[in-house]
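As stored in my_file-v3.txt (compact mmCIF, C-alpha atoms):
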# COMPACT_ATOMS: atom_id res chain seq x y z
CA MET P 1 -65.37 -23.90 17.11
CA ALA P 2 -63.13 -22.68 19.95
CA SER P 3 -60.04 -24.74 20.75
CA PRO P 4 -60.21 -26.56 24.04
CA LYS P 5 -58.18 -25.13 26.86
CA PRO P 6 -55.05 -27.14 27.73
CA SER P 7 -55.15 -29.07 30.93
CA ALA P 8 -53.19 -27.88 33.95
CA TYR P 9 -50.53 -30.53 33.20
CA GLN P 10 -50.27 -29.45 29.56
CA ALA P 11 -50.02 -25.77 30.54
CA GLU P 12 -47.22 -26.57 33.00
CA LYS P 13 -45.45 -28.62 30.33
CA LEU P 14 -45.61 -25.71 27.86
CA ASP P 15 -44.19 -23.34 30.48
CA ASP P 16 -41.31 -25.75 31.15
CA ASP P 17 -40.55 -26.00 27.45
CA ASP P 18 -40.41 -22.19 27.18
CA VAL P 19 -37.98 -21.97 30.09
CA HIS P 20 -35.60 -24.78 29.17
CA GLN P 21 -35.59 -24.46 25.39
CA PRO P 22 -32.36 -22.59 24.38
CA PRO P 23 -32.95 -19.58 22.16
CA SER P 24 -32.19 -20.00 18.47
CA LEU P 25 -29.13 -17.92 17.70
CA SER P 26 -27.96 -17.27 14.17
CA PRO P 27 -24.16 -17.25 13.85
CA THR P 28 -22.61 -13.81 13.67
CA PRO P 29 -20.03 -13.55 10.90
CA PRO P 30 -16.62 -12.31 12.01
CA SER P 31 -15.65 -8.77 11.18
CA PRO P 32 -13.45 -8.48 8.07
CA GLY P 33 -11.38 -5.96 9.98
CA LEU P 34 -10.36 -8.57 12.55
CA VAL P 35 -9.92 -11.76 10.53
CA LEU P 36 -7.09 -12.52 8.11
CA LEU P 37 -6.83 -15.70 6.12
CA PRO P 38 -3.49 -17.59 6.23
CA ARG P 39 -2.94 -16.74 2.58
CA GLU P 40 -3.44 -13.04 3.30
CA ILE P 41 -1.03 -13.15 6.24
CA PHE P 42 1.56 -14.87 4.04
CA ILE P 43 1.24 -12.28 1.24
CA ALA P 44 1.36 -9.33 3.66
CA SER P 45 4.49 -10.76 5.35
CA ILE P 46 6.44 -11.02 2.07
CA TYR P 47 7.27 -7.32 1.95
CA PRO P 48 8.66 -6.64 5.45
CA LEU P 49 10.61 -9.90 5.22
CA THR P 50 12.03 -8.77 1.86
CA LEU P 51 13.20 -5.49 3.38
CA ILE P 52 14.72 -7.36 6.33
CA ALA P 53 16.53 -9.77 3.99
CA GLY P 54 17.83 -6.91 1.84
CA SER P 55 19.08 -4.98 4.86
CA ALA P 56 20.76 -8.10 6.22
CA VAL P 57 22.60 -8.64 2.92
CA SER P 58 23.71 -5.02 2.97
CA VAL P 59 25.06 -5.26 6.53
CA PHE P 60 26.56 -8.74 6.65
CA SER P 61 27.68 -9.28 3.04
CA PRO P 62 29.36 -6.09 1.87
CA SER P 63 30.83 -7.85 -1.16
CA SER P 64 27.35 -8.85 -2.32
CA ALA P 65 26.20 -5.27 -1.87
CA SER P 66 29.01 -3.87 -3.99
CA THR P 67 28.34 -0.50 -5.56
CA ASN P 68 29.53 -1.95 -8.86
CA PHE P 69 26.44 -4.15 -9.08
CA HIS P 70 23.98 -3.13 -11.81
CA PHE P 71 21.03 -2.50 -9.47
CA SER P 72 23.06 -0.46 -7.01
CA HIS P 73 22.76 2.53 -9.36
CA LYS P 74 19.57 4.59 -9.47
CA ARG P 75 19.92 4.91 -13.24
CA ASN P 76 19.41 1.20 -13.91
CA PRO P 77 16.68 0.61 -16.57
CA LEU P 78 14.14 -1.03 -14.26
CA ASN P 79 14.33 1.90 -11.89
CA VAL P 80 14.26 4.57 -14.60
CA PHE P 81 11.54 3.12 -16.83
CA PHE P 82 9.40 1.18 -14.36
CA VAL P 83 9.77 2.16 -10.69
CA LYS P 84 9.94 5.87 -11.49
CA TYR P 85 6.53 5.51 -13.15
CA GLY P 86 5.42 2.76 -10.80
CA TRP P 87 1.84 3.86 -10.26
CA LEU P 88 1.34 4.29 -14.02
CA TRP P 89 2.39 0.66 -14.66
CA THR P 90 0.26 -0.47 -11.72
CA THR P 91 -2.70 1.38 -13.21
CA LEU P 92 -2.23 -0.15 -16.67
CA VAL P 93 -2.09 -3.77 -15.51
CA PHE P 94 -4.97 -3.15 -13.11
CA LEU P 95 -7.21 -1.78 -15.88
CA ILE P 96 -6.36 -4.72 -18.14
CA HIS P 97 -7.11 -7.11 -15.29
CA THR P 98 -10.49 -5.53 -14.51
CA SER P 99 -11.56 -5.51 -18.16
CA ARG P 100 -12.79 -9.10 -17.77
CA LEU P 101 -14.82 -8.49 -14.61
CA ARG P 102 -18.59 -8.16 -14.51
CA SER P 103 -19.85 -4.58 -14.45
CA SER P 104 -20.94 -4.75 -10.80
CA LEU P 105 -17.52 -6.01 -9.71
CA ARG P 106 -15.69 -3.57 -11.95
CA VAL P 107 -17.35 -0.53 -10.37
CA LYS P 108 -16.20 -1.46 -6.85
CA ALA P 109 -12.74 -2.38 -8.15
CA LEU P 110 -12.43 1.09 -9.68
CA LEU P 111 -13.54 2.64 -6.39
CA ARG P 112 -10.80 0.68 -4.60
CA TYR P 113 -8.31 1.87 -7.21
CA ALA P 114 -9.38 5.49 -6.65
CA PHE P 115 -8.91 5.07 -2.91
CA ALA P 116 -5.45 3.53 -3.39
CA THR P 117 -4.48 6.28 -5.84
CA ILE P 118 -5.51 9.02 -3.44
CA TRP P 119 -3.27 7.52 -0.75
CA TRP P 120 -0.34 7.31 -3.22
CA ILE P 121 -0.87 10.98 -4.15
CA LEU P 122 -1.05 12.14 -0.53
CA VAL P 123 2.15 10.34 0.47
CA THR P 124 4.33 11.03 -2.58
CA GLN P 125 2.85 13.87 -4.65
CA TRP P 126 0.64 16.35 -2.84
CA PHE P 127 -0.90 16.86 0.60
CA PHE P 128 -2.49 20.31 0.44
CA GLY P 129 0.98 21.44 -0.62
CA PRO P 130 4.10 19.25 -0.39
CA PRO P 131 3.42 15.50 0.08
CA ILE P 132 3.44 13.71 3.42
CA MET P 133 6.93 12.28 2.88
CA ASP P 134 8.40 15.76 2.32
CA LEU P 135 6.57 17.21 5.31
CA LEU P 136 7.91 14.39 7.47
CA PHE P 137 11.42 15.13 6.21
CA TRP P 138 11.12 18.81 7.02
CA PHE P 139 9.56 18.31 10.47
CA THR P 140 12.43 15.99 11.44
CA GLY P 141 15.06 18.61 10.63
CA GLY P 142 15.67 18.12 6.90
CA GLU P 143 16.45 20.98 4.54
CA CYS P 144 17.46 21.77 0.98
CA GLN P 145 21.19 22.38 0.71
CA LEU P 146 21.70 24.66 -2.25
CA VAL P 147 24.72 24.39 -4.51
CA ASP P 148 23.83 27.52 -6.51
CA THR P 149 25.92 30.49 -5.43
CA ASP P 150 23.06 32.89 -6.15
CA PRO P 151 20.38 32.32 -3.46
CA MET P 152 18.06 34.93 -4.97
CA ARG P 153 18.00 33.09 -8.30
CA THR P 154 17.25 29.83 -6.54
CA LYS P 155 14.46 31.44 -4.51
CA GLU P 156 12.88 32.81 -7.68
CA GLU P 157 12.89 29.35 -9.29
CA MET P 158 11.59 27.44 -6.27
CA GLY P 159 9.46 29.97 -4.44
CA PRO P 160 9.82 30.60 -0.68
CA VAL P 161 7.44 27.83 0.43
CA GLN P 162 8.68 25.16 -1.99
CA MET P 163 12.25 26.05 -1.07
CA VAL P 164 11.51 24.95 2.48
CA PHE P 165 9.27 21.93 1.92
CA SER P 166 9.50 20.27 -1.47
CA SER P 167 12.20 17.76 -2.38
CA ALA P 168 11.12 17.91 -6.03
CA ALA P 169 11.59 21.70 -6.17
CA CYS P 170 14.93 21.35 -4.37
CA LYS P 171 16.13 18.87 -6.99
CA VAL P 172 14.94 21.04 -9.90
CA ALA P 173 16.89 23.97 -8.49
CA GLY P 174 20.04 21.86 -8.24
CA GLY P 175 19.91 21.50 -4.46
CA LYS P 176 20.26 18.39 -2.34
CA TRP P 177 17.71 17.15 0.20
CA SER P 178 19.79 16.72 3.35
CA GLY P 179 19.20 15.68 6.95
CA GLY P 180 15.86 14.71 8.45
CA HIS P 181 13.99 11.43 8.07
CA ASP P 182 13.69 10.52 4.40
CA LEU P 183 10.77 8.06 4.23
CA SER P 184 11.61 5.53 1.50
CA GLY P 185 9.37 6.31 -1.44
CA HIS P 186 10.46 3.09 -3.13
CA ALA P 187 9.53 0.96 -0.12
CA PHE P 188 6.18 2.71 0.08
CA LEU P 189 5.31 2.56 -3.63
CA LEU P 190 6.42 -1.03 -4.24
CA THR P 191 4.66 -2.37 -1.14
CA HIS P 192 1.52 -0.29 -1.64
CA ALA P 193 1.18 -1.20 -5.33
CA SER P 194 1.87 -4.88 -4.62
CA LEU P 195 -0.68 -5.24 -1.83
CA PHE P 196 -3.26 -3.45 -3.96
CA LEU P 197 -2.68 -5.78 -6.94
CA TRP P 198 -2.63 -8.91 -4.77
CA SER P 199 -5.96 -7.95 -3.24
CA GLU P 200 -7.48 -7.49 -6.69
CA LEU P 201 -6.21 -10.89 -7.83
CA SER P 202 -7.74 -12.52 -4.77
CA CYS P 203 -11.10 -11.00 -5.74
CA SER P 204 -11.37 -12.77 -9.11
CA GLY P 205 -8.81 -15.57 -8.99
CA VAL P 206 -5.72 -16.09 -11.12
CA ALA P 207 -6.64 -16.99 -14.69
CA GLY P 208 -5.96 -15.68 -18.16
CA TRP P 209 -3.28 -13.47 -19.66
CA GLU P 210 -4.74 -10.42 -17.90
CA SER P 211 -3.83 -11.86 -14.52
CA ALA P 212 -0.47 -13.05 -15.86
CA GLY P 213 0.40 -9.40 -16.50
CA VAL P 214 -0.42 -8.54 -12.90
CA LEU P 215 1.76 -11.40 -11.64
CA ALA P 216 4.67 -10.34 -13.86
CA LEU P 217 4.54 -6.81 -12.46
CA LEU P 218 4.30 -8.19 -8.91
CA VAL P 219 7.52 -10.16 -9.48
CA MET P 220 9.27 -7.02 -10.75
CA TRP P 221 8.05 -4.95 -7.82
CA TRP P 222 9.29 -7.61 -5.39
CA TRP P 223 12.74 -7.68 -7.02
CA MET P 224 13.07 -3.90 -6.94
CA LEU P 225 11.96 -3.85 -3.28
CA LEU P 226 14.75 -6.33 -2.52
CA MET P 227 17.23 -4.05 -4.32
CA THR P 228 15.93 -1.11 -2.28
CA GLY P 229 16.49 -3.15 0.87
CA ILE P 230 20.09 -3.87 -0.11
CA TYR P 231 21.29 -0.61 -1.63
CA PHE P 232 19.19 2.36 -0.60
CA HIS P 233 17.96 4.14 2.53
CA THR P 234 18.48 3.40 6.20
CA TRP P 235 16.63 0.64 8.01
CA LEU P 236 14.25 3.10 9.68
CA GLU P 237 13.50 4.90 6.41
CA LYS P 238 12.57 1.62 4.73
CA ILE P 239 10.37 0.57 7.65
CA THR P 240 8.44 3.85 7.67
CA GLY P 241 7.91 3.51 3.92
CA TRP P 242 6.46 0.04 4.52
CA ILE P 243 4.27 1.31 7.38
CA ALA P 244 2.87 4.07 5.16
CA ALA P 245 1.90 1.41 2.61
CA MET P 246 0.29 -0.81 5.26
CA LEU P 247 -1.95 2.04 6.41
CA TYR P 248 -3.97 1.67 3.21
CA ALA P 249 -4.59 -2.06 3.74
CA TRP P 250 -5.35 -1.44 7.42
CA ALA P 251 -7.93 1.25 6.60
CA LEU P 252 -9.72 -1.06 4.18
CA ARG P 253 -9.94 -3.85 6.75
CA SER P 254 -10.73 -1.78 9.83
CA TYR P 255 -13.60 0.55 8.95
CA PRO P 256 -16.98 -1.09 8.19
CA THR P 257 -18.17 1.90 6.17
CA VAL P 258 -15.12 1.63 3.92
CA TRP P 259 -15.17 -2.11 3.28
CA SER P 260 -18.93 -2.27 2.89
CA THR P 261 -18.76 0.44 0.21
CA LEU P 262 -15.64 -0.71 -1.61
CA GLY P 263 -16.10 -4.47 -1.21
CA VAL P 264 -12.68 -5.35 0.20
CA PRO P 265 -11.45 -8.38 -1.76
CA GLY P 266 -8.45 -9.53 0.23
CA VAL P 267 -5.24 -8.32 1.83
Could you express the structure from this file as structure tokens?
Amino acid sequence: MASPKPSAYQAEKLDDDDVHQPPSLSPTPPSPGLVLLPREIFIASIYPLTLIAGSAVSVFSPSSASTNFHFSHKRNPLNVFFVKYGWLWTTLVFLIHTSRLRSSLRVKALLRYAFATIWWILVTQWFFGPPIMDLLFWFTGGECQLVDTDPMRTKEEMGPVQMVFSSAACKVAGGKWSGGHDLSGHAFLLTHASLFLWSELSCSGVAGWESAGVLALLVMWWWMLLMTGIYFHTWLEKITGWIAAMLYAWALRSYPTVWSTLGVPGV
């Protein structure tokens, strides 16, 4: 049986309802690239503030920044056995930490680790030749000052390209990297590794001895960053090292394709 037609009054009432009824809008979640939680802002601010504090101690308290202090020497044990192999220690505690994650979470965590490792390699180890930090040094007027009296012998050991670009090859040949802008590798590594580990902790929470290992390394990295701020590099060199580390965190938060694939956990 056909439904009766609505009266003229009812039809007018339906039209009014359609006009005045506000559309139902589902809330649009904010973009992860634009929103930072207070906790994330606090963690991210620790590292530039540490460098500022270290530099201030160096400038205004020369007695506290005495060269006789244990950590003012590059050969101190923490620097030799830990910071020198900083990404190796970061990798070990990260793998232990992820061992307790579910398989689905572990896969994305390993992808984030791969992404972080690639950035560490590009900045400090290799960028289609010498790393970014060495290229920056060279482009700002730096060079390898050779102490060997036989330049041909040095050239044979280093090679013509490495002789110009690579700080590692310069050191092996007994030369000294001089002039130019020497981006602080310590400031970069310690900040980069710390932000990476903090973000992984925020993904699964702090619990168990696995996470305790991550926290212990984070404390060590913070202390060595403070020592870097006090004893090594110029202010600008430390800041550019920090900026290079922040580029990784910025890339994760800013590109939807990246964070949707890697599952950005935090900072």
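Take atom CA of Arg75 of chain P and atom CA of Gln145 of chain P: the distance between them is 22.4 Å.
The gap separating atom CA of Gly185 of chain P from atom CA of Phe60 of chain P is 24.2 Å, in Å to one decimal.
Distances to Asp182 of chain P were evaluated for P:Thr240, P:Ser61, P:Ser211, P:Ser104 using all atoms listed in the file, and the minimum falls at P:Thr240.
Relative to atom CA of Gly129 of chain P, atom CA of Tyr85 of chain P is found at 21.0 Å.
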